[in-house]
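The next block is start.txt, given as compact mmCIF, C-alpha atoms.
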```txt
# COMPACT_ATOMS: atom_id res chain seq x y z
CA MET W 1 0.00 0.00 0.00
CA ILE W 2 1.54 3.31 -1.08
CA LEU W 3 0.30 6.43 0.67
CA VAL W 4 0.67 9.60 -1.32
CA ALA W 5 1.98 12.58 0.62
CA ALA W 6 2.18 16.26 -0.27
CA LEU W 7 5.34 17.36 -2.01
CA PRO W 8 7.73 19.29 0.24
CA GLN W 9 9.09 22.53 -1.12
CA GLN W 10 11.82 21.25 -3.37
CA ASP W 11 13.09 21.38 -6.88
CA ILE W 12 11.42 18.87 -9.21
CA LEU W 13 13.38 20.18 -12.17
CA ARG W 14 15.97 17.46 -11.83
CA LEU W 15 13.28 14.80 -11.77
CA LEU W 16 11.39 16.19 -14.72
CA SER W 17 14.54 16.64 -16.76
CA ALA W 18 14.79 12.87 -16.67
CA GLN W 19 11.95 12.93 -19.21
CA SER W 20 14.51 13.72 -21.88
CA HIS W 21 16.34 10.46 -21.68
CA PRO W 22 14.38 7.92 -19.71
CA ALA W 23 16.41 4.86 -18.96
CA ILE W 24 13.66 2.73 -20.42
CA TYR W 25 14.80 3.65 -23.92
CA ALA W 26 18.15 2.06 -23.35
CA GLN W 27 16.36 -1.19 -22.54
CA ALA W 28 13.43 -0.73 -24.90
CA SER W 29 12.23 -3.60 -26.92
CA ASN W 30 11.90 -3.06 -30.62
CA PHE W 31 12.72 0.57 -31.28
CA SER W 32 16.01 1.52 -32.79
CA VAL W 33 17.79 4.52 -31.32
CA ALA W 34 16.71 6.58 -34.32
CA ASP W 35 13.07 5.69 -33.76
CA SER W 36 13.24 6.57 -30.10
CA GLU W 37 14.76 9.95 -30.79
CA ALA W 38 12.14 10.72 -33.40
CA ILE W 39 9.35 9.81 -31.02
CA LEU W 40 10.85 11.95 -28.29
CA SER W 41 11.06 14.90 -30.63
CA ILE W 42 7.27 15.05 -30.63
CA SER W 43 6.98 14.25 -26.96
CA HIS W 44 8.82 17.34 -25.85
CA GLU W 45 6.51 19.92 -27.28
CA SER W 46 4.07 20.53 -24.48
CA SER W 47 3.34 24.12 -23.53
CA PHE W 48 2.04 22.89 -20.17
CA TRP W 49 5.30 21.15 -19.23
CA LYS W 50 7.34 24.03 -20.60
CA ARG W 51 5.47 26.42 -18.32
CA GLU W 52 5.72 24.09 -15.31
CA LEU W 53 9.48 23.84 -15.77
CA HIS W 54 9.81 27.58 -16.25
CA PHE W 55 8.06 28.28 -12.95
CA GLN W 56 10.14 25.63 -11.21
CA GLN W 57 13.24 27.44 -12.44
CA LEU W 58 11.91 30.79 -11.24
CA THR W 59 11.07 29.32 -7.83
CA GLN W 60 14.56 27.86 -7.62
CA ALA W 61 16.04 31.24 -8.57
CA ALA W 62 14.09 32.82 -5.69
CA ARG W 63 15.44 30.22 -3.29
CA ASN W 64 18.97 30.70 -4.59
CA ALA W 65 18.70 34.40 -3.79
CA GLY W 66 18.83 33.36 -0.15
CA SER W 67 22.49 32.47 -0.57
CA TYR W 68 23.48 36.02 -1.53
CA GLU W 69 25.53 37.86 1.07
CA ILE W 70 25.49 41.52 2.10
CA GLY W 71 27.27 43.57 -0.57
CA TRP W 72 26.58 41.00 -3.30
CA ASP W 73 26.35 43.81 -5.89
CA GLY W 74 29.85 45.10 -5.11
CA TYR W 75 28.41 47.93 -2.99
CA ASP W 76 26.31 47.43 0.11
CA ALA W 77 23.17 45.67 -1.11
CA PRO W 78 21.41 43.80 1.71
CA LYS W 79 20.79 40.08 1.34
CA PRO W 80 17.16 39.13 0.66
CA SER W 81 15.39 38.16 3.86
CA ASP W 82 13.78 34.73 4.25
CA ASP W 83 10.38 36.44 4.47
CA SER W 84 10.86 38.30 1.19
CA ILE W 85 11.93 35.06 -0.51
CA ASN W 86 8.93 33.14 0.82
CA GLN W 87 6.58 35.94 -0.18
CA GLY W 88 8.24 36.05 -3.60
CA ILE W 89 7.61 32.31 -4.05
CA ALA W 90 3.98 32.72 -2.94
CA LEU W 91 3.64 35.61 -5.39
CA LEU W 92 5.06 33.44 -8.18
CA ASN W 93 2.29 30.91 -7.52
CA LYS W 94 -0.33 33.64 -7.84
CA ILE W 95 1.30 34.93 -11.02
CA LYS W 96 1.18 31.42 -12.44
CA GLU W 97 -2.51 31.04 -11.61
CA ALA W 98 -3.15 34.40 -13.29
CA GLY W 99 -1.58 33.10 -16.52
CA LEU W 100 1.31 35.59 -16.57
CA SER W 101 4.88 34.65 -17.45
CA PRO W 102 7.78 36.37 -15.69
CA SER W 103 11.15 36.23 -17.36
CA SER W 104 13.40 36.11 -14.29
CA VAL W 105 13.69 36.37 -10.52
CA LEU W 106 16.62 38.22 -8.95
CA PRO W 107 17.55 39.76 -5.62
CA SER W 108 16.91 43.47 -5.33
CA ALA W 109 19.78 45.89 -4.68
CA ASP W 110 17.54 47.63 -2.13
CA GLY W 111 16.99 44.37 -0.24
CA GLY W 112 14.33 41.88 -1.25
CA ILE W 113 13.25 39.98 -4.33
CA GLY W 114 12.39 41.24 -7.81
CA ILE W 115 10.24 39.41 -10.37
CA SER W 116 10.81 40.72 -13.92
CA PHE W 117 8.63 40.59 -17.02
CA ARG W 118 9.43 41.32 -20.65
CA GLY W 119 6.66 42.60 -22.86
CA GLN W 120 6.25 43.71 -26.44
CA ASN W 121 8.11 46.65 -27.99
CA GLY W 122 10.66 46.89 -25.22
CA ARG W 123 8.11 47.05 -22.39
CA ARG W 124 9.35 45.79 -19.04
CA ALA W 125 7.79 45.30 -15.63
CA LEU W 126 9.21 44.60 -12.21
CA LEU W 127 7.40 43.40 -9.09
CA GLU W 128 9.53 43.97 -6.05
CA ILE W 129 9.05 42.62 -2.53
CA SER W 130 11.25 44.43 -0.02
CA ASN W 131 12.81 43.05 3.12
CA ASP W 132 10.47 45.30 5.15
CA GLY W 133 7.43 43.49 3.70
CA SER W 134 6.29 46.26 1.37
CA ALA W 135 5.79 45.58 -2.34
CA SER W 136 5.66 47.70 -5.45
CA TYR W 137 5.37 47.39 -9.20
CA ALA W 138 6.85 49.40 -12.03
CA ILE W 139 5.99 49.11 -15.73
CA TYR W 140 8.41 50.94 -17.99
CA GLY W 141 10.24 50.96 -21.30
CA LYS W 142 11.81 53.43 -23.66
CA GLY W 143 9.16 55.60 -25.25
CA HIS W 144 6.42 54.40 -22.90
CA PRO W 145 4.94 56.13 -19.84
CA ARG W 146 6.20 54.74 -16.55
CA LEU W 147 3.50 53.23 -14.32
CA VAL W 148 4.26 52.60 -10.68
CA GLY W 149 2.27 51.57 -7.63
CA GLU W 150 2.29 49.65 -4.39
CA PHE W 151 0.46 46.48 -3.43
CA SER W 152 0.18 44.02 -0.58
CA PRO W 153 1.94 40.77 -1.56
CA THR W 154 -0.20 38.82 0.92
CA ALA W 155 -3.52 40.09 -0.46
CA ALA W 156 -5.78 37.26 -1.60
CA ASN W 157 -6.71 39.08 -4.77
CA LEU W 158 -4.03 40.76 -6.83
CA ALA W 159 -6.19 41.08 -9.93
CA VAL W 160 -5.70 44.84 -10.12
CA VAL W 161 -1.92 44.53 -10.30
CA PHE W 162 -2.02 41.58 -12.67
CA ASN W 163 -4.49 43.32 -14.97
CA ARG W 164 -2.19 46.33 -15.10
CA LEU W 165 0.66 44.06 -16.16
CA SER W 166 -1.44 42.28 -18.79
CA GLU W 167 -2.77 45.50 -20.25
CA ASN W 168 0.53 47.34 -20.38
CA LEU W 169 3.11 44.74 -21.31
CA MET D 170 -12.05 -5.03 -20.49
CA LYS D 171 -13.05 -1.80 -22.20
CA PRO D 172 -13.63 0.97 -19.65
CA THR D 173 -16.82 3.00 -19.57
CA VAL D 174 -16.20 6.36 -21.20
CA GLN D 175 -18.24 9.15 -19.64
CA HIS D 176 -18.68 12.81 -20.41
CA LEU D 177 -16.71 14.92 -17.94
CA SER D 178 -18.15 18.37 -17.41
CA LYS D 179 -15.06 19.31 -15.37
CA ALA D 180 -12.43 17.52 -17.46
CA PRO D 181 -9.00 17.81 -15.81
CA ILE D 182 -7.25 18.35 -19.15
CA VAL D 183 -4.54 21.01 -18.94
CA GLU D 184 -3.28 20.49 -22.48
CA ALA D 185 -4.47 18.59 -25.54
CA ILE D 186 -2.09 18.15 -28.45
CA ILE D 187 -2.32 16.85 -32.00
CA ALA D 188 0.95 16.44 -33.89
CA PHE D 189 2.20 15.40 -37.30
CA ALA D 190 5.81 14.44 -37.89
CA LEU D 191 6.99 15.18 -41.41
CA GLU D 192 8.47 12.54 -43.68
CA LYS D 193 11.35 14.83 -44.67
CA PRO D 194 12.85 17.68 -42.62
CA LEU D 195 12.33 21.14 -44.09
CA THR D 196 15.19 22.52 -46.16
CA ASP D 197 14.39 26.23 -45.98
CA SER D 198 12.60 26.29 -42.66
CA ASP D 199 13.00 30.03 -41.94
CA ALA D 200 11.16 30.96 -45.12
CA VAL D 201 8.42 28.41 -44.43
CA PHE D 202 7.90 29.69 -40.88
CA GLU D 203 7.80 33.27 -42.15
CA GLN D 204 5.18 32.51 -44.79
CA PHE D 205 3.13 30.48 -42.35
CA TYR D 206 3.16 33.27 -39.78
CA ALA D 207 1.98 35.78 -42.37
CA LEU D 208 -1.04 33.55 -43.04
CA ILE D 209 -2.05 32.87 -39.42
CA GLN D 210 -0.92 36.07 -37.73
CA SER D 211 -4.45 37.41 -37.25
CA ASP D 212 -5.38 34.38 -35.10
CA TYR D 213 -1.93 33.67 -33.67
CA PRO D 214 -0.32 37.07 -33.16
CA SER D 215 2.37 35.98 -30.71
CA ARG D 216 5.50 34.47 -32.22
CA ASN D 217 8.52 33.14 -30.35
CA PRO D 218 11.52 31.16 -31.50
CA VAL D 219 11.98 27.56 -30.43
CA LYS D 220 15.60 27.18 -29.40
CA MET D 221 17.78 24.16 -28.93
CA ALA D 222 20.93 24.30 -26.84
CA GLN D 223 23.82 22.02 -27.70
CA LEU D 224 26.70 21.42 -25.35
CA THR D 225 29.82 19.73 -26.61
CA VAL D 226 32.16 18.28 -24.03
CA SER D 227 35.57 16.94 -24.94
CA ASP D 228 38.96 16.56 -23.29
CA GLN D 229 39.77 20.02 -24.66
CA GLY D 230 36.97 21.54 -22.61
CA SER D 231 33.34 22.31 -23.35
CA SER D 232 31.50 24.65 -25.69
CA GLY D 233 27.87 25.41 -26.20
CA GLU D 234 25.66 27.00 -28.79
CA THR D 235 21.99 27.80 -29.11
CA GLN D 236 20.16 27.35 -32.38
CA ILE D 237 16.71 28.45 -33.43
CA VAL D 238 15.02 25.28 -34.65
CA GLY D 239 11.40 26.30 -34.92
CA ALA D 240 8.68 28.79 -34.12
CA ARG D 241 5.89 28.84 -31.57
CA PHE D 242 2.76 30.81 -32.47
CA ALA D 243 0.12 31.57 -29.85
CA SER D 244 -3.34 33.09 -29.85
CA ALA D 245 -3.83 36.40 -28.04
CA ASP D 246 -5.14 34.64 -24.91
CA GLY D 247 -2.30 32.09 -25.06
CA LYS D 248 -4.73 29.16 -25.00
CA ARG D 249 -4.06 27.95 -28.54
CA VAL D 250 -0.51 27.22 -29.61
CA CYS D 251 0.91 26.05 -32.93
CA LEU D 252 4.51 24.92 -32.96
CA VAL D 253 6.49 24.13 -36.08
CA ASP D 254 10.03 22.96 -36.46
CA GLN D 255 12.02 21.25 -39.16
CA SER D 256 10.26 17.94 -38.64
CA ASN D 257 7.05 18.57 -36.75
CA PHE D 258 3.72 20.33 -36.92
CA ILE D 259 2.04 20.52 -33.51
CA CYS D 260 -1.12 22.22 -32.28
CA SER D 261 -2.23 22.38 -28.70
CA ARG D 262 -5.11 23.66 -26.67
CA LEU D 263 -4.42 24.67 -23.09
CA ALA D 264 -7.00 24.78 -20.28
CA PRO D 265 -9.90 25.35 -20.37
CA TYR D 266 -10.29 22.47 -22.81
CA GLU D 267 -13.16 22.72 -25.26
CA THR D 268 -13.88 19.66 -27.39
CA TRP D 269 -12.04 17.15 -29.52
CA GLU D 270 -13.98 18.41 -32.51
CA SER D 271 -12.79 21.98 -32.04
CA LEU D 272 -9.19 20.89 -31.47
CA LYS D 273 -9.16 18.66 -34.53
CA SER D 274 -10.92 21.21 -36.69
CA GLU D 275 -8.37 23.92 -35.78
CA PHE D 276 -5.50 21.50 -36.35
CA GLU D 277 -6.92 20.58 -39.77
CA ARG D 278 -7.43 24.23 -40.71
CA LEU D 279 -3.84 25.12 -39.83
CA TRP D 280 -2.42 22.02 -41.48
CA LYS D 281 -4.17 22.94 -44.72
CA ILE D 282 -2.34 26.25 -44.58
CA TYR D 283 1.00 24.73 -43.60
CA SER D 284 0.97 21.66 -45.82
CA PRO D 285 1.55 23.43 -49.17
CA LEU D 286 4.37 25.44 -47.60
CA CYS D 287 6.26 22.53 -46.07
CA ASN D 288 5.62 20.27 -49.06
CA SER D 289 6.13 17.10 -47.09
CA ARG D 290 4.05 14.05 -46.40
CA ILE D 291 3.18 12.82 -42.93
CA ALA D 292 5.23 10.07 -41.37
CA ARG D 293 3.80 9.95 -37.85
CA VAL D 294 0.69 11.09 -36.03
CA GLY D 295 0.50 11.94 -32.35
CA VAL D 296 -2.32 12.68 -29.93
CA ARG D 297 -1.36 13.70 -26.43
CA TYR D 298 -3.57 14.59 -23.47
CA ILE D 299 -2.15 15.95 -20.24
CA ASN D 300 -4.41 15.90 -17.18
CA LYS D 301 -3.88 17.44 -13.78
CA ILE D 302 -5.59 15.46 -11.05
CA PHE D 303 -5.85 15.89 -7.31
CA LEU D 304 -5.42 12.83 -5.11
CA PRO D 305 -6.46 12.83 -1.45
CA GLU D 306 -3.35 13.18 0.65
CA GLY D 307 -2.56 10.14 2.76
CA GLU D 308 -4.79 7.80 0.76
CA ASP D 309 -3.61 4.48 -0.61
CA MET D 310 -2.63 5.15 -4.22
CA SER D 311 -4.06 1.83 -5.36
CA LEU D 312 -7.51 3.29 -4.66
CA THR D 313 -6.99 6.17 -7.08
CA VAL D 314 -4.42 5.56 -9.83
CA ARG D 315 -4.30 2.24 -11.65
CA THR D 316 -0.90 2.64 -13.30
CA ARG D 317 1.38 3.54 -10.44
CA PRO D 318 4.74 2.85 -8.84
CA GLU D 319 5.08 -0.05 -6.44
CA ILE D 320 7.37 0.06 -3.43
CA ALA D 321 8.65 -3.24 -2.12
CA GLU D 322 7.28 -4.51 1.16
CA GLY D 323 9.66 -3.72 3.96
CA LEU D 324 10.37 -0.22 2.61
CA PRO D 325 8.64 2.90 3.90
CA GLN D 326 5.39 3.39 1.96
CA SER D 327 4.75 7.11 2.37
CA MET D 328 5.71 8.54 -1.03
CA PHE D 329 6.11 12.31 -1.38
CA ASN D 330 7.38 12.49 -4.95
CA PHE D 331 7.12 10.38 -8.05
CA LEU D 332 7.93 10.43 -11.72
CA VAL D 333 6.80 7.44 -13.76
CA ARG D 334 7.58 7.15 -17.44
CA LEU D 335 6.56 4.08 -19.38
CA GLY D 336 6.52 3.24 -23.06
CA VAL D 337 4.02 0.58 -24.09
CA LYS D 338 2.99 -0.78 -27.45
CA ILE D 339 -0.49 -0.12 -28.79
CA PRO D 340 -1.57 -3.22 -30.69
CA ASP D 341 -4.30 -1.87 -32.96
CA PRO D 342 -3.60 0.33 -34.77
CA GLN D 343 0.08 -0.26 -34.09
CA GLY D 344 1.67 2.54 -32.16
CA VAL D 345 3.19 3.53 -28.88
CA LEU D 346 1.76 5.04 -25.74
CA MET D 347 4.15 7.10 -23.64
CA ILE D 348 2.75 7.35 -20.11
CA THR D 349 4.14 10.02 -17.84
CA GLU D 350 2.89 10.44 -14.29
CA ALA D 351 4.46 13.00 -12.03
CA GLN D 352 3.80 14.81 -8.81
CA LEU D 353 3.74 18.59 -8.86
CA PRO D 354 3.99 21.09 -6.01
CA THR D 355 0.87 21.15 -3.85
CA GLU D 356 -1.91 23.45 -5.06
CA ARG D 357 -4.78 22.48 -2.76
CA PRO D 358 -4.43 21.76 0.95
CA GLY D 359 -5.14 18.10 1.67
CA PHE D 360 -4.54 16.99 -1.90
CA VAL D 361 -1.56 15.79 -3.89
CA THR D 362 -1.24 17.39 -7.32
CA ALA D 363 -0.45 14.80 -9.98
CA VAL D 364 -0.12 14.83 -13.74
CA LEU D 365 -1.36 12.04 -15.97
CA ASP D 366 0.17 12.48 -19.42
CA HIS D 367 -0.75 10.09 -22.25
CA ASP D 368 1.10 10.53 -25.53
CA LEU D 369 -0.13 8.22 -28.31
CA GLN D 370 1.98 8.01 -31.45
CA PHE D 371 1.45 6.13 -34.67
CA ARG D 372 3.79 5.66 -37.58
CA ILE D 373 1.88 5.83 -40.87
CA ASN D 374 2.56 5.06 -44.47
CA PRO D 375 3.23 8.44 -46.11
CA GLU D 376 1.03 7.30 -49.01
CA SER D 377 -1.91 6.96 -46.65
CA THR D 378 -4.87 9.27 -47.07
CA ASP D 379 -6.56 7.95 -43.96
CA VAL D 380 -4.78 10.18 -41.48
CA TRP D 381 -7.93 11.93 -40.22
CA SER D 382 -9.71 8.73 -39.31
CA LEU D 383 -6.53 7.57 -37.56
CA LEU D 384 -6.76 10.71 -35.44
CA ASP D 385 -10.33 9.83 -34.50
CA LYS D 386 -9.23 6.33 -33.58
CA ALA D 387 -6.43 7.82 -31.45
CA ARG D 388 -9.01 9.97 -29.71
CA GLU D 389 -11.11 6.88 -28.86
CA LEU D 390 -8.04 5.14 -27.49
CA LYS D 391 -6.95 8.11 -25.41
CA ASN D 392 -10.43 8.19 -23.83
CA ASP D 393 -10.25 4.46 -23.08
CA TYR D 394 -6.78 4.83 -21.58
CA PHE D 395 -7.79 7.78 -19.41
CA PHE D 396 -10.82 6.04 -17.92
CA ALA D 397 -8.84 2.84 -17.44
CA SER D 398 -6.16 4.75 -15.54
CA LEU D 399 -8.19 6.20 -12.71
CA SER D 400 -10.57 4.76 -10.15
CA GLU D 401 -14.27 5.58 -10.31
CA ASP D 402 -13.93 7.64 -7.14
CA VAL D 403 -11.40 9.93 -8.80
CA ILE D 404 -13.36 10.14 -12.05
CA LYS D 405 -16.60 11.13 -10.34
CA GLU D 406 -14.88 14.31 -9.13
CA TYR D 407 -14.77 15.45 -12.76
CA LEU D 408 -18.28 14.42 -13.89
```
Would it be possible to restate this file's structure as structure tokens?
Amino acid sequence: MILVAALPQQDILRLLSAQSHPAIYAQASNFSVADSEAILSISHESSFWKRELHFQQLTQAARNAGSYEIGWDGYDAPKPSDDSINQGIALLNKIKEAGLSPSSVLPSADGGIGISFRGQNGRRALLEISNDGSASYAIYGKGHPRLVGEFSPTAANLAVVFNRLSENL
Amino acid sequence: MKPTVQHLSKAPIVEAIIAFALEKPLTDSDAVFEQFYALIQSDYPSRNPVKMAQLTVSDQGSSGETQIVGARFASADGKRVCLVDQSNFICSRLAPYETWESLKSEFERLWKIYSPLCNSRIARVGVRYINKIFLPEGEDMSLTVRTRPEIAEGLPQSMFNFLVRLGVKIPDPQGVLMITEAQLPTERPGFVTAVLDHDLQFRINPESTDVWSLLDKARELKNDYFFASLSEDVIKEYL
């Protein structure tokens, strides 16, 4: 009897990457290597898996930010606090549910975590969660008006912020 | 025994894919992708390159390069995606899933546009359905999922992560079924998030004109395989 248990916070990227070359192919029955590779070439093209992996990478990037030390930028940038990292990961989950796609997650030079987006025609957006618990967004880009605002990262509904991103990126 | 196929009003499908593999790789793929985009741009305005990274490792060191091997076109809402590369033509519908008929009809429409551009016959057909299901945490997996890992007696039985990948032969029509089951990070308290991914692939004679009925047959099989894979208790959550 196998009892399923909830997945602890951990990186499944390594596990999922095993999809590329499952050991079963090495032992497979009647397929030649060429056949197996051809079959896999179709198998990889899932937008769902691509998005899952992308968010796993972003989550991992947020966790990795915890290893930065004070002055990591060559000046005196604070290290991201554990709270800002955890809130950043929770915010990533909400972003995923909202159907948005950030491009990267990096520590902030002011202390905290930044989630970046790339839009069309050079538009960019940044959601920043500071070490003091405050959060802000900025949508910018050469030739475009700059939109800025604050939000509560723990709010249940962030539709206003997400709609702003969708409409302006 | 053939499972009972039922209509699911809350189908857990997160992505449905139909794919053709071309008999011959494209020779001038950039031009083909460009022409194709011009013809579908009104419905699929978003275009992104599909890249492939290659890493070469030798005793002299390592080097890497990234190549653009295809193009991914998406509808404005991102729910419909068409991906082309040198050897494949792939359409997918992301959640919320509509119907097989709408997926197939859109695939057929786009293929009729792409086919004269790529000028290649079809060598393989694929139908892939990816489902996200929620299993009660702490419940015996044998009561929910019928293709599942087994842990030997004498080992701890509380499993917090799994990735199962199996390739099995489909006897009629001859093909392969790639089964992927994986656990994802928790989304609902008290439930384990799992993915059930069935990828059915069939090699066909490029002379064949019966490709559309083969797709319908693949659809029947994917329904049978889905209902055979889960217990009635799990399925009733999606009725």
Straight-line distance linking atom CA of D:Leu191 with atom CA of D:Arg293, stated in Å to one decimal: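 Separation of atom CA of D:Leu191 and atom CA of D:Arg293: 7.1 Å.
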Selected residue of minimal separation from chain D among W:Lys142, W:Arg63, W:Arg164, W:Lys94, counting all atoms listed in the file: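 Result for the nearest residue to chain D: W:Lys94.
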Pick out the chain W residues within 6 Å of chain D. Count all atoms listed in the file. Give them as a PyMOL selection string. chain W and resi 1-7
Have a look at D:Ile182, D:Leu383, D:Ile373, D:Ile302 and name the one nearest to D:Glu350; count only C-alpha atoms. D:Ile302
Using all atoms listed in the file for the distances, tell me which of W:Asn64, W:Asn168, W:Ser108, W:Ser152 is nearest to W:Arg123.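 Once distances to W:Arg123 are computed over all atoms listed in the file, the minimum belongs to W:Asn168.
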Can you measure atom CA of D:Ala363 to atom CA of D:Thr313 for me? One decimal in Å is fine. 11.2 Å
Between atom CA of D:Gln204 and atom CA of D:Thr268, measure the distance and give it in Å to one decimal. 28.8 Å
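You can rank W:Pro102, W:Lys50, W:Leu92, W:Pro107 by their closest distance to W:Gly66 using all atoms listed in the file, and at the top of that list sits W:Pro107.
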Find the residue from W:Ile129, W:Ala61, W:Ile70, W:Leu91 that sits nearest to W:Leu106; use all atoms listed in the file when measuring. W:Ala61
So, counting only C-alpha atoms, which residue among D:Lys193, D:Arg315, D:Arg290, D:Arg388 is closest to D:Val403?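 Between D:Lys193, D:Arg315, D:Arg290, D:Arg388, the residue approaching D:Val403 most closely is D:Arg315.
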Neighbourhood query: residues within 10 Å of (-0.6, 38.8, 2.4), file coordinates, counting all atoms listed in the file; return as a PDB file with C-alpha atoms, in the coordinates of the input.
```pdb
ATOM      1  CA  GLN W  87       6.580  35.940  -0.180  1.00  0.00           C
ATOM      2  CA  ALA W  90       3.980  32.720  -2.940  1.00  0.00           C
ATOM      3  CA  LEU W  91       3.640  35.610  -5.390  1.00  0.00           C
ATOM      4  CA  GLY W 133       7.430  43.490   3.700  1.00  0.00           C
ATOM      5  CA  PHE W 151       0.460  46.480  -3.430  1.00  0.00           C
ATOM      6  CA  SER W 152       0.180  44.020  -0.580  1.00  0.00           C
ATOM      7  CA  PRO W 153       1.940  40.770  -1.560  1.00  0.00           C
ATOM      8  CA  THR W 154      -0.200  38.820   0.920  1.00  0.00           C
ATOM      9  CA  ALA W 155      -3.520  40.090  -0.460  1.00  0.00           C
ATOM     10  CA  ALA W 156      -5.780  37.260  -1.600  1.00  0.00           C
ATOM     11  CA  ASN W 157      -6.710  39.080  -4.770  1.00  0.00           C
TER      12      ASN W 157
END
```
All residues 12 Å or closer to W:Leu100, all atoms listed in the file, same chain fewer than 2 positions away omitted, as JSON, numbers by chain: {"W": [51, 54, 55, 91, 92, 93, 94, 95, 96, 97, 98, 102, 103, 115, 116, 117, 118, 119, 125, 159, 161, 162, 163, 164, 165, 166, 167, 169], "D": [246, 247]}
Can I get N, CA, C and O atoms for stretch 258-270 of chain D, as a PDB file, in the first residue's frame?
```pdb
ATOM      1  N   PHE D 258       4.804  19.358 -36.885  1.00  0.00           N
ATOM      2  CA  PHE D 258       3.723  20.335 -36.915  1.00  0.00           C
ATOM      3  C   PHE D 258       2.797  19.971 -35.752  1.00  0.00           C
ATOM      4  O   PHE D 258       2.215  18.880 -35.722  1.00  0.00           O
ATOM      5  N   ILE D 259       2.679  20.867 -34.783  1.00  0.00           N
ATOM      6  CA  ILE D 259       2.041  20.517 -33.512  1.00  0.00           C
ATOM      7  C   ILE D 259       1.065  21.618 -33.094  1.00  0.00           C
ATOM      8  O   ILE D 259       1.425  22.795 -33.095  1.00  0.00           O
ATOM      9  N   CYS D 260      -0.158  21.235 -32.773  1.00  0.00           N
ATOM     10  CA  CYS D 260      -1.122  22.222 -32.276  1.00  0.00           C
ATOM     11  C   CYS D 260      -1.588  21.792 -30.898  1.00  0.00           C
ATOM     12  O   CYS D 260      -1.851  20.607 -30.675  1.00  0.00           O
ATOM     13  N   SER D 261      -1.721  22.746 -30.012  1.00  0.00           N
ATOM     14  CA  SER D 261      -2.235  22.375 -28.702  1.00  0.00           C
ATOM     15  C   SER D 261      -3.266  23.363 -28.201  1.00  0.00           C
ATOM     16  O   SER D 261      -3.295  24.525 -28.615  1.00  0.00           O
ATOM     17  N   ARG D 262      -4.098  22.854 -27.344  1.00  0.00           N
ATOM     18  CA  ARG D 262      -5.112  23.656 -26.671  1.00  0.00           C
ATOM     19  C   ARG D 262      -4.855  23.527 -25.174  1.00  0.00           C
ATOM     20  O   ARG D 262      -4.862  22.425 -24.625  1.00  0.00           O
ATOM     21  N   LEU D 263      -4.644  24.674 -24.532  1.00  0.00           N
ATOM     22  CA  LEU D 263      -4.425  24.668 -23.087  1.00  0.00           C
ATOM     23  C   LEU D 263      -5.762  24.868 -22.371  1.00  0.00           C
ATOM     24  O   LEU D 263      -6.756  25.237 -22.999  1.00  0.00           O
ATOM     25  N   ALA D 264      -5.758  24.659 -21.050  1.00  0.00           N
ATOM     26  CA  ALA D 264      -6.998  24.783 -20.276  1.00  0.00           C
ATOM     27  C   ALA D 264      -7.562  26.206 -20.393  1.00  0.00           C
ATOM     28  O   ALA D 264      -6.784  27.158 -20.441  1.00  0.00           O
ATOM     29  N   PRO D 265      -8.870  26.389 -20.456  1.00  0.00           N
ATOM     30  CA  PRO D 265      -9.895  25.348 -20.369  1.00  0.00           C
ATOM     31  C   PRO D 265     -10.088  24.626 -21.715  1.00  0.00           C
ATOM     32  O   PRO D 265     -10.214  25.254 -22.755  1.00  0.00           O
ATOM     33  N   TYR D 266     -10.111  23.301 -21.618  1.00  0.00           N
ATOM     34  CA  TYR D 266     -10.295  22.473 -22.809  1.00  0.00           C
ATOM     35  C   TYR D 266     -11.705  22.646 -23.352  1.00  0.00           C
ATOM     36  O   TYR D 266     -12.650  22.824 -22.581  1.00  0.00           O
ATOM     37  N   GLU D 267     -11.824  22.610 -24.657  1.00  0.00           N
ATOM     38  CA  GLU D 267     -13.156  22.719 -25.256  1.00  0.00           C
ATOM     39  C   GLU D 267     -13.633  21.330 -25.665  1.00  0.00           C
ATOM     40  O   GLU D 267     -14.122  20.589 -24.826  1.00  0.00           O
ATOM     41  N   THR D 268     -13.450  20.988 -26.927  1.00  0.00           N
ATOM     42  CA  THR D 268     -13.876  19.659 -27.385  1.00  0.00           C
ATOM     43  C   THR D 268     -12.836  19.104 -28.343  1.00  0.00           C
ATOM     44  O   THR D 268     -12.021  19.840 -28.903  1.00  0.00           O
ATOM     45  N   TRP D 269     -12.903  17.795 -28.529  1.00  0.00           N
ATOM     46  CA  TRP D 269     -12.041  17.148 -29.523  1.00  0.00           C
ATOM     47  C   TRP D 269     -12.321  17.728 -30.904  1.00  0.00           C
ATOM     48  O   TRP D 269     -11.397  17.996 -31.672  1.00  0.00           O
ATOM     49  N   GLU D 270     -13.601  17.925 -31.181  1.00  0.00           N
ATOM     50  CA  GLU D 270     -13.976  18.409 -32.512  1.00  0.00           C
ATOM     51  C   GLU D 270     -13.338  19.777 -32.788  1.00  0.00           C
ATOM     52  O   GLU D 270     -12.831  20.019 -33.889  1.00  0.00           O
TER      53      GLU D 270
END
```
